[in-house]
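Below is one structure, written out as structure tokens, with a few remarks after it.
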Amino acid sequence: MIADLKTHLLDLLRRALAGVAPGQQLAITLERPKQASHGDFATNLALQLAKPLRMNPREVAQRLVSELPPSPWVAKAEVAGAGFINLFLNNAARLQPLGAVLERGEHYGRSRLGAGKKIQVEFVSANPTGPLHVGHGRGAAYGASLSCVLAFAGFDVHREYYVNDAGRQMDILALSTWLRYLELHEVAVPFPPNAYQGAYVTEMAHQIRVAHGPRYLHEAEVVLAGVPGLEPDKEAHLDGLITNAKELLGDDFAYIHAHVLSEQLADCRDDLSEFGVHFEHWFSERSLYDTGLVERTVAQLEKHGHIYTQDGAKWFRSTSFGDEKDRVVQRENGLYTYFASDIAYHLNKFERGFDRVIDIWGADHHGYIPRVKGAIQALGLDTAKLEVALVQFAVLYRSGQKTSMSTRSGEFVTLRELRHEVGNDAARFFYVLRKSDQHLDFDLDLAKSQSNENPVYYIQYAHARLCSVLAQWNGEEDDLLAAELSVLTGERELALCARLAEFPEVIEGAARDYAPHTVAFYLKDLAADFHSYYNAERILVEDPDLRLARLALALAVRQVIQTGLRLLGVSAPHSM
RNA sequence: GCGCUUGUAGCUCAGUGGAUAGAGUAUUGGCCUCCGAAGCCAAGGGUCGCUGGUUCGAUUCCAGCCAAGCGCGCCA
């Protein structure tokens, strides 16, 4: 409808252009002016033409206006400012979007932009070594909202969580749990400061003790045998302990490893699920090793001459692809690096036939992009299909003080804690209310103590008000779909219609730019327009025609708020 | 040092090659016998970091500088 209207206006301008400057090929831009006095649409066409035609822009504008063919929708066209052409629509045209919302209902705003293309969105992918913290929450909220927007814009979206279940961090978690277990049995092994400190580790140790008693007990001397001291290299100390644990426990270490992994993954899954964040796939890093894909990937790179050996390690020549230095894929000790499995993972993604793959990473991974893209190119794949969206870290403030968010130190505010304090709706909305590449100062005190000031309530309140009015009318909502809308002539009403008309454009923009925050800002604007209208005019008036038309407008606004909030994972309560 | 990101109202943040740069919050003053005051209306508050360049026009694009965050491992 409104797309047709825009097409119609563009067509009018194109014909005027042909009359004034035959042969001029210009991309005509049509924008919605910020000020109502500048019309419903404006174009800078005359300003663009002024130079090639060597004419005064206002004069060009004047000639374009006089060449503009008559239209059933355009009330007037006028020249303004430096040479803008402002187009004013008649009321029938301005009411069109309202009719479109009523007709399409929950599908209003849906787009064919994605054309059913398969697109994978991988996000969160936090190591399952402890509870998710508020930093992960941002990636979760962003990824989930973006995925919904993309799906609404016509993409076939696949959400995926990459589970880092193969690396050293998981070994450290298993070790940490075992050490806590020994501690519970009063075995005197000092708990290393760089092991996982969180209380959940002790809880898991406790569970293991309850389930298996003393089965995993060993004397302190054997546990510490041959382990280098904490100084000078505390990581070497940790590695020594891991080596001993694996030897002493054998298959039992694998059991503890598997146990802590499944515990943490289950916790993570529950946490995200309660946050309204769901994944189609949980992809195991370890499976890349089990299926031999990591090995095959490196071999393939080697075959094509992108690998060389130096100092006993295998290096990928990523400098050939614009990286600042070459990167190790297989260490001197034979173990593959995280990078190696990540190349294999991306190869696997491409082999699954996605038209586009989006990785959502924390901004601290930005230096990682050139090497991954380089590897993809080296494998003969199309790097343009991979897009990386960086999400800046949330910097957490408590009582005006910056708070640490390290998982290993155990000093962090968990996502679960945050959700319980401020609620899922406020948390989801708060996270997505800034563009993703903007640093986020997350003021805990503000979020927790003043949650009523969170703008999400402003929008939800508008929704509840609309529900309330419609309930008091107590009629059949289906009857509103056929209401005669032409009695709506007030500026506020027509402004609301214009706002409704923007929604499909906002969705397409958000999908194109990976910017779900624009949906949040749009909803704030829509709610503001409605609150303003609601205070100025009465909806349930005596005149039955006007009442029905206003109720139809209310229904449409409620629908778009509902749709928008759903995309952001925020509830639309009927009362609050 | 190099790279990426950021710099807009007291604070937190949107936005744009175009007309008078916006919102929330904070401050001040109004609006409920009337559909929900978690709301509305109004006022004050700005060198869009600085300097150049491109352009009819730059807060927006480009370069340099200043400042902040992050990254620069045979960690993941």
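Scheme for the structure tokens: letters A, B, ... for chains in order shown; per-chain residue numbers from 1; ligand numbers from 1 in order shown.
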Discussion item. From a backbone DSSP assignment, name each residue in region 545-574 of chain A labelled helix (DSSP H, G or I), as a list of chain:residue names.
Written reply: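 Across region 545-574 of chain A, those assigned helix (DSSP H, G or I) are A:Asp545, A:Leu546, A:Arg547, A:Leu548, A:Ala549, A:Arg550, A:Leu551, A:Ala552, A:Leu553, A:Ala554, A:Leu555, A:Ala556, A:Val557, A:Arg558, A:Gln559, A:Val560, A:Ile561, A:Gln562, A:Thr563, A:Gly564, A:Leu565, A:Arg566, A:Leu567.
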So which residues of region 106-351 of chain A fall under strand (DSSP E) by DSSP, listed as a PDB file with N, CA, C and O atoms, in the first residue's frame?
ATOM      1  N   LYS A 118      18.472 -18.563   3.247  1.00  0.00           N
ATOM      2  CA  LYS A 118      18.919 -19.212   4.481  1.00  0.00           C
ATOM      3  C   LYS A 118      20.018 -18.378   5.123  1.00  0.00           C
ATOM      4  O   LYS A 118      21.069 -18.148   4.525  1.00  0.00           O
ATOM      5  N   ILE A 119      19.768 -17.973   6.344  1.00  0.00           N
ATOM      6  CA  ILE A 119      20.758 -17.145   7.020  1.00  0.00           C
ATOM      7  C   ILE A 119      20.987 -17.701   8.415  1.00  0.00           C
ATOM      8  O   ILE A 119      20.042 -18.058   9.112  1.00  0.00           O
ATOM      9  N   GLN A 120      22.256 -17.865   8.774  1.00  0.00           N
ATOM     10  CA  GLN A 120      22.552 -18.384  10.091  1.00  0.00           C
ATOM     11  C   GLN A 120      23.034 -17.262  10.988  1.00  0.00           C
ATOM     12  O   GLN A 120      23.861 -16.450  10.590  1.00  0.00           O
ATOM     13  N   VAL A 121      22.494 -17.220  12.188  1.00  0.00           N
ATOM     14  CA  VAL A 121      22.955 -16.243  13.164  1.00  0.00           C
ATOM     15  C   VAL A 121      23.541 -17.011  14.333  1.00  0.00           C
ATOM     16  O   VAL A 121      22.846 -17.785  14.989  1.00  0.00           O
ATOM     17  N   GLU A 122      24.842 -16.838  14.543  1.00  0.00           N
ATOM     18  CA  GLU A 122      25.472 -17.509  15.679  1.00  0.00           C
ATOM     19  C   GLU A 122      25.749 -16.477  16.751  1.00  0.00           C
ATOM     20  O   GLU A 122      26.365 -15.438  16.478  1.00  0.00           O
ATOM     21  N   ASP A 156      15.094 -16.941   6.111  1.00  0.00           N
ATOM     22  CA  ASP A 156      14.936 -18.231   6.770  1.00  0.00           C
ATOM     23  C   ASP A 156      16.070 -18.328   7.786  1.00  0.00           C
ATOM     24  O   ASP A 156      17.208 -18.652   7.445  1.00  0.00           O
ATOM     25  N   VAL A 157      15.760 -18.002   9.041  1.00  0.00           N
ATOM     26  CA  VAL A 157      16.797 -17.795  10.045  1.00  0.00           C
ATOM     27  C   VAL A 157      17.089 -19.057  10.862  1.00  0.00           C
ATOM     28  O   VAL A 157      16.175 -19.745  11.307  1.00  0.00           O
ATOM     29  N   HIS A 158      18.385 -19.346  11.021  1.00  0.00           N
ATOM     30  CA  HIS A 158      18.818 -20.465  11.866  1.00  0.00           C
ATOM     31  C   HIS A 158      19.703 -19.912  12.979  1.00  0.00           C
ATOM     32  O   HIS A 158      20.783 -19.396  12.717  1.00  0.00           O
ATOM     33  N   ARG A 159      19.238 -20.075  14.212  1.00  0.00           N
ATOM     34  CA  ARG A 159      19.991 -19.554  15.351  1.00  0.00           C
ATOM     35  C   ARG A 159      20.894 -20.656  15.902  1.00  0.00           C
ATOM     36  O   ARG A 159      20.434 -21.784  16.067  1.00  0.00           O
ATOM     37  N   GLU A 160      22.121 -20.300  16.169  1.00  0.00           N
ATOM     38  CA  GLU A 160      23.051 -21.333  16.626  1.00  0.00           C
ATOM     39  C   GLU A 160      23.938 -20.840  17.757  1.00  0.00           C
ATOM     40  O   GLU A 160      24.357 -19.693  17.776  1.00  0.00           O
ATOM     41  N   TYR A 161      24.216 -21.764  18.670  1.00  0.00           N
ATOM     42  CA  TYR A 161      25.129 -21.516  19.795  1.00  0.00           C
ATOM     43  C   TYR A 161      26.299 -22.457  19.622  1.00  0.00           C
ATOM     44  O   TYR A 161      26.121 -23.663  19.509  1.00  0.00           O
ATOM     45  N   TYR A 162      27.483 -21.911  19.556  1.00  0.00           N
ATOM     46  CA  TYR A 162      28.693 -22.723  19.388  1.00  0.00           C
ATOM     47  C   TYR A 162      29.223 -23.053  20.773  1.00  0.00           C
ATOM     48  O   TYR A 162      29.588 -22.150  21.537  1.00  0.00           O
ATOM     49  N   VAL A 163      29.232 -24.322  21.091  1.00  0.00           N
ATOM     50  CA  VAL A 163      29.628 -24.748  22.434  1.00  0.00           C
ATOM     51  C   VAL A 163      31.111 -25.091  22.452  1.00  0.00           C
ATOM     52  O   VAL A 163      31.536 -26.058  21.820  1.00  0.00           O
ATOM     53  N   HIS A 281      20.064 -24.743  16.966  1.00  0.00           N
ATOM     54  CA  HIS A 281      21.184 -25.691  17.071  1.00  0.00           C
ATOM     55  C   HIS A 281      22.154 -25.289  18.181  1.00  0.00           C
ATOM     56  O   HIS A 281      22.450 -24.110  18.350  1.00  0.00           O
ATOM     57  N   TRP A 282      22.625 -26.296  18.884  1.00  0.00           N
ATOM     58  CA  TRP A 282      23.741 -26.128  19.812  1.00  0.00           C
ATOM     59  C   TRP A 282      24.853 -26.944  19.206  1.00  0.00           C
ATOM     60  O   TRP A 282      24.789 -28.169  19.191  1.00  0.00           O
ATOM     61  N   PHE A 283      25.853 -26.273  18.674  1.00  0.00           N
ATOM     62  CA  PHE A 283      26.878 -26.956  17.890  1.00  0.00           C
ATOM     63  C   PHE A 283      28.119 -27.200  18.738  1.00  0.00           C
ATOM     64  O   PHE A 283      28.704 -26.265  19.274  1.00  0.00           O
ATOM     65  N   SER A 284      28.517 -28.452  18.826  1.00  0.00           N
ATOM     66  CA  SER A 284      29.648 -28.825  19.673  1.00  0.00           C
ATOM     67  C   SER A 284      30.983 -28.677  18.962  1.00  0.00           C
ATOM     68  O   SER A 284      31.182 -29.200  17.870  1.00  0.00           O
ATOM     69  N   ILE A 307      49.964 -23.320   4.467  1.00  0.00           N
ATOM     70  CA  ILE A 307      50.492 -23.702   5.773  1.00  0.00           C
ATOM     71  C   ILE A 307      51.995 -23.886   5.665  1.00  0.00           C
ATOM     72  O   ILE A 307      52.486 -24.428   4.680  1.00  0.00           O
ATOM     73  N   TYR A 308      52.716 -23.415   6.662  1.00  0.00           N
ATOM     74  CA  TYR A 308      54.138 -23.728   6.738  1.00  0.00           C
ATOM     75  C   TYR A 308      54.488 -24.089   8.166  1.00  0.00           C
ATOM     76  O   TYR A 308      53.721 -23.810   9.091  1.00  0.00           O
ATOM     77  N   THR A 309      55.643 -24.762   8.303  1.00  0.00           N
ATOM     78  CA  THR A 309      56.059 -25.195   9.629  1.00  0.00           C
ATOM     79  C   THR A 309      57.230 -24.351  10.103  1.00  0.00           C
ATOM     80  O   THR A 309      58.144 -24.079   9.337  1.00  0.00           O
ATOM     81  N   GLN A 310      57.123 -23.906  11.347  1.00  0.00           N
ATOM     82  CA  GLN A 310      58.210 -23.123  11.925  1.00  0.00           C
ATOM     83  C   GLN A 310      58.208 -23.345  13.427  1.00  0.00           C
ATOM     84  O   GLN A 310      57.150 -23.353  14.056  1.00  0.00           O
ATOM     85  N   ALA A 313      55.781 -25.788  14.936  1.00  0.00           N
ATOM     86  CA  ALA A 313      54.337 -25.572  14.875  1.00  0.00           C
ATOM     87  C   ALA A 313      53.909 -25.327  13.438  1.00  0.00           C
ATOM     88  O   ALA A 313      54.708 -24.917  12.597  1.00  0.00           O
ATOM     89  N   LYS A 314      52.620 -25.585  13.169  1.00  0.00           N
ATOM     90  CA  LYS A 314      52.093 -25.299  11.838  1.00  0.00           C
ATOM     91  C   LYS A 314      51.401 -23.943  11.832  1.00  0.00           C
ATOM     92  O   LYS A 314      50.536 -23.674  12.679  1.00  0.00           O
ATOM     93  N   TRP A 315      51.784 -23.118  10.887  1.00  0.00           N
ATOM     94  CA  TRP A 315      51.252 -21.758  10.807  1.00  0.00           C
ATOM     95  C   TRP A 315      50.405 -21.582   9.554  1.00  0.00           C
ATOM     96  O   TRP A 315      50.758 -22.061   8.485  1.00  0.00           O
ATOM     97  N   PHE A 316      49.332 -20.879   9.717  1.00  0.00           N
ATOM     98  CA  PHE A 316      48.522 -20.495   8.567  1.00  0.00           C
ATOM     99  C   PHE A 316      49.016 -19.129   8.091  1.00  0.00           C
ATOM    100  O   PHE A 316      49.159 -18.200   8.881  1.00  0.00           O
ATOM    101  N   ARG A 327      49.309 -17.082  11.772  1.00  0.00           N
ATOM    102  CA  ARG A 327      48.714 -17.632  12.996  1.00  0.00           C
ATOM    103  C   ARG A 327      48.963 -19.136  13.095  1.00  0.00           C
ATOM    104  O   ARG A 327      48.864 -19.862  12.104  1.00  0.00           O
ATOM    105  N   VAL A 328      49.211 -19.568  14.309  1.00  0.00           N
ATOM    106  CA  VAL A 328      49.433 -20.990  14.555  1.00  0.00           C
ATOM    107  C   VAL A 328      48.105 -21.744  14.500  1.00  0.00           C
ATOM    108  O   VAL A 328      47.103 -21.291  15.059  1.00  0.00           O
ATOM    109  N   VAL A 329      48.088 -22.871  13.794  1.00  0.00           N
ATOM    110  CA  VAL A 329      46.895 -23.721  13.808  1.00  0.00           C
ATOM    111  C   VAL A 329      47.153 -25.030  14.558  1.00  0.00           C
ATOM    112  O   VAL A 329      46.239 -25.625  15.109  1.00  0.00           O
ATOM    113  N   GLN A 330      48.426 -25.458  14.531  1.00  0.00           N
ATOM    114  CA  GLN A 330      48.766 -26.659  15.296  1.00  0.00           C
ATOM    115  C   GLN A 330      50.033 -26.399  16.081  1.00  0.00           C
ATOM    116  O   GLN A 330      51.063 -26.031  15.518  1.00  0.00           O
TER     117      GLN A 330
END
Hey, could you make a per-residue contact list for chain B against chain A with 8 Å as the cut-off, showing the nearest pair of atoms and its distance in Å to one decimal, counting only C-alpha atoms (C1' of nucleotides), sorted by chain and number, as CSV?
residue,atom,partner,partner_atom,distance
B:G3,C1',A:Gly367,CA,7.6
B:C4,C1',A:His366,CA,6.4
B:U5,C1',A:Asp437,CA,7.2
B:U6,C1',A:Gln438,CA,7.0
B:C13,C1',A:Arg434,CA,7.0
B:A14,C1',A:Phe521,CA,7.6
B:G18,C1',A:Asn44,CA,7.7
B:A19,C1',A:Gly81,CA,5.7
B:G24,C1',A:Pro455,CA,7.5
B:C35,C1',A:Val469,CA,5.6
B:G36,C1',A:Arg465,CA,6.0
B:A38,C1',A:Tyr457,CA,6.5
B:G39,C1',A:His531,CA,6.7
B:C40,C1',A:Asn535,CA,5.7
B:C56,C1',A:Lys51,CA,7.6
B:G69,C1',A:His439,CA,7.7
B:C70,C1',A:Asp364,CA,5.5
B:G71,C1',A:Asp364,CA,5.8
B:C72,C1',A:Gly367,CA,7.4
B:C74,C1',A:Arg331,CA,4.8
B:A76,C1',A:Tyr338,CA,6.3
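Close contacts of Arg499 (chain A), defined as residues with an atom at most 9 Å away when counting only C-alpha atoms (C1' of nucleotides), with chain neighbours fewer than 5 positions off set aside, comprise Pro97, Leu494, Tyr522, Asp525, Leu526 and Asp529 of chain A.
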Item to complete: State, in Å with one decimal place, the distance from CA of Ala515 (chain A) to CA of Leu567 (chain A).
Response: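 Value for the CA of Ala515 (chain A)-CA of Leu567 (chain A) distance: 12.2 Å.
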Fill in: Computed interatomic separation between CA of Leu248 (chain A) and CA of Ala199 (chain A) (Å)
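Atom-to-atom, CA of Leu248 (chain A) to CA of Ala199 (chain A), that is 25.0 Å.
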Item to complete: May I have the residues within 10 Å of Ala375 (chain A) as a PyMOL selection string, using only C-alpha atoms (C1' of nucleotides) and disregarding those fewer than 5 positions away in the same chain?
Response: chain A and resi 297-298+301+306+316-318+320-321+339-340+342-344+346-347+369-370+380-381+383
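Using only C-alpha atoms for every distance, the candidate list A:Leu146, A:Asp543, A:Gly137, A:His257 yields A:Gly137 as the residue closest to Phe430 (chain A).
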Worksheet item: Between CA of Ile208 (chain A) and CA of Tyr181 (chain A), what is the distance, to one decimal in Å?
Response: 7.5 Å
